[in-house]
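Novice: Pasting in a structure now, in structure tokens, and then I'll have a few things to ask.
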Amino acid sequence: MHLNIPQQPPLEEVASKSSLRQRQQQSKTTDPGNSESDPAKKENKKKNSKPQRNGISVLDVIRVLVTLVLASCGMSYYMTSSESLLWGYRPWFSRVPVLMRFLQGPLVLTPEQLSLYNGTDTNLPIYLSVNGTVFDVSANPLVYGPGGHYNFFTGRDATRAFVTGCFQEDLTHDMRGVEDMFMPIDDEAELATLSSGEKKVRREQDRRMAKARVQKQVAHWANFFRDHKKYFEVGRVVGLEDEGEIRELCNSAIQQRPKRKDMEKKAKRKN
Ligand code: HEM
């Protein structure tokens, strides 16, 4: 008869297995790496498991930059009495009407269409035009709105008045003959000493310089509106045609004509 008695492992094997179990238990309690309960040790383990990196990381740089930007914005907000986070700088794309106009593309208006934008219709913006370029000046209704000091410039191209300063007579785009206001007044006695050829050459030179001054003045005003932090360019006015006869120079412009003697004195002082 065969008895099915389980075979006992040899005595040495049992001893070695129990000692192994004992060592494993011991290491669980003593090995810091195996401790799951102590958070400091856990953290330590995490740190030790990652490769050590020396120096400044990209994250450090980003942190410093973000801190500096936030500090600058805070200082600007405080210093500009809660007006600006960027020390008064307002990029064009942060201004909603400017951005909208940019997305819609430039406006092209006839003089009749432009005339609607003079501030009387409160649903429309206020526009004025200098040398055919239309600017939105709605941001300053006190000056350009109805009753404002410079309301007469709106809804039209009054480039001539920007040069002559004749705000009643010269509210037109017609610039013909306006350079006369910069033509020097000659001293009759001195003029008599010149030959007719010399007089002609001088006259031509004077006219060229006078036209350049007109252009400079026009560019000054166009740039004033273009670069202004509240106004912006919206498009062009088309179909501006010269009116019949060349206009007479208005009184204020005549009074501004320079005397040749004074011009020469000025030039000498400069040299
Ligand atoms: C060619 C002559 C002139 C032109 C084209 C002209 C044009 C202008 C314009 C376009 C503005 C508005 C600026 C803005 O949008 O902020 C302005 C403002 C002003 N201008 Fe003139 N100007 C002229 C002569 C004068 C003269 C001679 C005076 C003084 C008697 C004067 C007094 C003022 C004042 C006080 C302001 C401030 C805004 C206001 O209160 O209406 N301007 N000028």
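Note on naming: chains are A, B, ... as they come in the structure tokens, residues start from 1 per chain, ligands start from 1 in the order shown.
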Per residue of chain A within 12 Å of ligand 1, note the shortest atom pair and the distance in Å to one decimal, counting only C-alpha atoms and all ligand atoms, and order the rows by chain and increasing residue number, as a tab-separated table.
Specialist:
residue	atom	partner	partner_atom_place_in_ligand_line	distance
A:Ile126	CA	ligand 1	15 (O)	11.9
A:Tyr127	CA	ligand 1	15 (O)	11.6
A:Leu128	CA	ligand 1	10 (C)	9.8
A:Ser129	CA	ligand 1	10 (C)	11.0
A:Val130	CA	ligand 1	10 (C)	10.3
A:Phe135	CA	ligand 1	15 (O)	10.9
A:Asp136	CA	ligand 1	15 (O)	10.5
A:Val137	CA	ligand 1	15 (O)	7.4
A:Ser138	CA	ligand 1	15 (O)	9.9
A:Ala139	CA	ligand 1	15 (O)	9.1
A:Asn140	CA	ligand 1	15 (O)	6.9
A:Pro141	CA	ligand 1	15 (O)	9.5
A:Leu142	CA	ligand 1	41 (O)	7.7
A:Val143	CA	ligand 1	41 (O)	5.0
A:Tyr144	CA	ligand 1	15 (O)	7.6
A:Gly145	CA	ligand 1	41 (O)	10.6
A:Gly147	CA	ligand 1	41 (O)	10.2
A:Gly148	CA	ligand 1	41 (O)	6.7
A:His149	CA	ligand 1	41 (O)	4.5
A:Tyr150	CA	ligand 1	41 (O)	6.1
A:Asn151	CA	ligand 1	41 (O)	9.1
A:Phe152	CA	ligand 1	10 (C)	10.1
A:Phe153	CA	ligand 1	10 (C)	7.8
A:Thr154	CA	ligand 1	10 (C)	10.1
A:Ala158	CA	ligand 1	5 (C)	9.6
A:Thr159	CA	ligand 1	5 (C)	8.7
A:Arg160	CA	ligand 1	5 (C)	8.9
A:Ala161	CA	ligand 1	5 (C)	6.3
A:Phe162	CA	ligand 1	5 (C)	3.7
A:Val163	CA	ligand 1	1 (C)	5.2
A:Thr164	CA	ligand 1	1 (C)	5.4
A:Gly165	CA	ligand 1	1 (C)	3.5
A:Cys166	CA	ligand 1	1 (C)	7.4
A:Phe167	CA	ligand 1	5 (C)	8.2
A:Gln168	CA	ligand 1	2 (C)	11.9
A:Asp170	CA	ligand 1	1 (C)	10.9
A:Leu171	CA	ligand 1	5 (C)	10.8
A:Met181	CA	ligand 1	1 (C)	11.8
A:Val214	CA	ligand 1	1 (C)	11.3
A:Gln217	CA	ligand 1	1 (C)	8.9
A:Val218	CA	ligand 1	5 (C)	9.4
A:Ala219	CA	ligand 1	5 (C)	11.9
A:His220	CA	ligand 1	5 (C)	9.9
A:Trp221	CA	ligand 1	10 (C)	7.5
A:Ala222	CA	ligand 1	10 (C)	9.9
A:Asn223	CA	ligand 1	10 (C)	11.3
A:Phe224	CA	ligand 1	15 (O)	8.3
A:Phe225	CA	ligand 1	15 (O)	7.5
A:Arg226	CA	ligand 1	15 (O)	11.1
A:Asp227	CA	ligand 1	15 (O)	11.3
A:His228	CA	ligand 1	15 (O)	8.3
A:Lys229	CA	ligand 1	16 (O)	10.1
A:Lys230	CA	ligand 1	15 (O)	8.9
A:Tyr231	CA	ligand 1	15 (O)	8.2
A:Phe232	CA	ligand 1	15 (O)	11.4
A:Ser252	CA	ligand 1	1 (C)	9.5
A:Ala253	CA	ligand 1	1 (C)	9.1
A:Gln256	CA	ligand 1	1 (C)	10.3
Novice: Taking the backbone alone, and naming residues the way the document does, which bits of range 139-256 of chain A are alpha helix (DSSP H) by DSSP, as number ranges by chain?
Specialist: A: 141-144, 159-164, 188-191, 196-227, 251-255
Novice: Identify, with DSSP run on backbone atoms, the residues in range 47-204 of chain A assigned to strand (DSSP E or B), and express the list as a ChimeraX atom specification.
Specialist: /A:107-109,127-130,133-136,154,157,185
Novice: At what distance in Å, to one decimal, does CA of Gly155 in chain A lie from CA of Phe182 in chain A?
Specialist: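 Taking CA of Phe182 in chain A as the start and CA of Gly155 in chain A as the end point, the length is 27.9 Å.
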Novice: Near Asp242 in chain A, counting only C-alpha atoms, which residues have an atom at most 12 Å away, once you skip same-chain residues fewer than 5 positions from it, shown as an mmCIF file with N, CA and C atoms, in the first residue's frame?
Specialist:
data_model
loop_
_atom_site.group_PDB
_atom_site.id
_atom_site.type_symbol
_atom_site.label_atom_id
_atom_site.label_comp_id
_atom_site.auth_asym_id
_atom_site.auth_seq_id
_atom_site.Cartn_x
_atom_site.Cartn_y
_atom_site.Cartn_z
ATOM 1 N N ARG A 160 -6.738 123.013 -47.094
ATOM 2 C CA ARG A 160 -6.285 124.401 -47.303
ATOM 3 C C ARG A 160 -6.312 125.185 -45.985
ATOM 4 N N THR A 172 -11.655 123.931 -47.665
ATOM 5 C CA THR A 172 -11.659 123.199 -48.931
ATOM 6 C C THR A 172 -10.361 122.419 -49.114
ATOM 7 N N HIS A 173 -10.454 121.443 -50.021
ATOM 8 C CA HIS A 173 -9.259 120.650 -50.350
ATOM 9 C C HIS A 173 -8.434 121.333 -51.435
ATOM 10 N N ASP A 174 -8.994 122.371 -52.057
ATOM 11 C CA ASP A 174 -8.354 123.004 -53.220
ATOM 12 C C ASP A 174 -7.117 123.798 -52.785
ATOM 13 N N MET A 175 -5.965 123.325 -53.209
ATOM 14 C CA MET A 175 -4.712 123.911 -52.718
ATOM 15 C C MET A 175 -4.057 124.833 -53.752
ATOM 16 N N ARG A 176 -4.718 125.050 -54.864
ATOM 17 C CA ARG A 176 -4.084 125.866 -55.921
ATOM 18 C C ARG A 176 -3.788 127.290 -55.422
ATOM 19 N N GLY A 177 -2.562 127.689 -55.607
ATOM 20 C CA GLY A 177 -2.168 129.064 -55.262
ATOM 21 C C GLY A 177 -1.880 129.288 -53.780
ATOM 22 N N ARG A 247 -8.459 130.342 -56.063
ATOM 23 C CA ARG A 247 -8.872 131.202 -54.950
ATOM 24 C C ARG A 247 -7.860 132.299 -54.675
#
Novice: Just checking: using only C-alpha atoms, which residue out of A:Met79, A:Cys73, A:Ile185, A:Leu124 ends up closest to Pro258 in chain A?
Specialist: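 For Pro258 in chain A, the nearest of the candidates is A:Ile185.
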Novice: Restricting the calculation to only C-alpha atoms, which member of A:Arg213, A:Arg156, A:Lys199, A:Arg236 is positioned closest to Val178 in chain A?
Specialist: A:Arg213
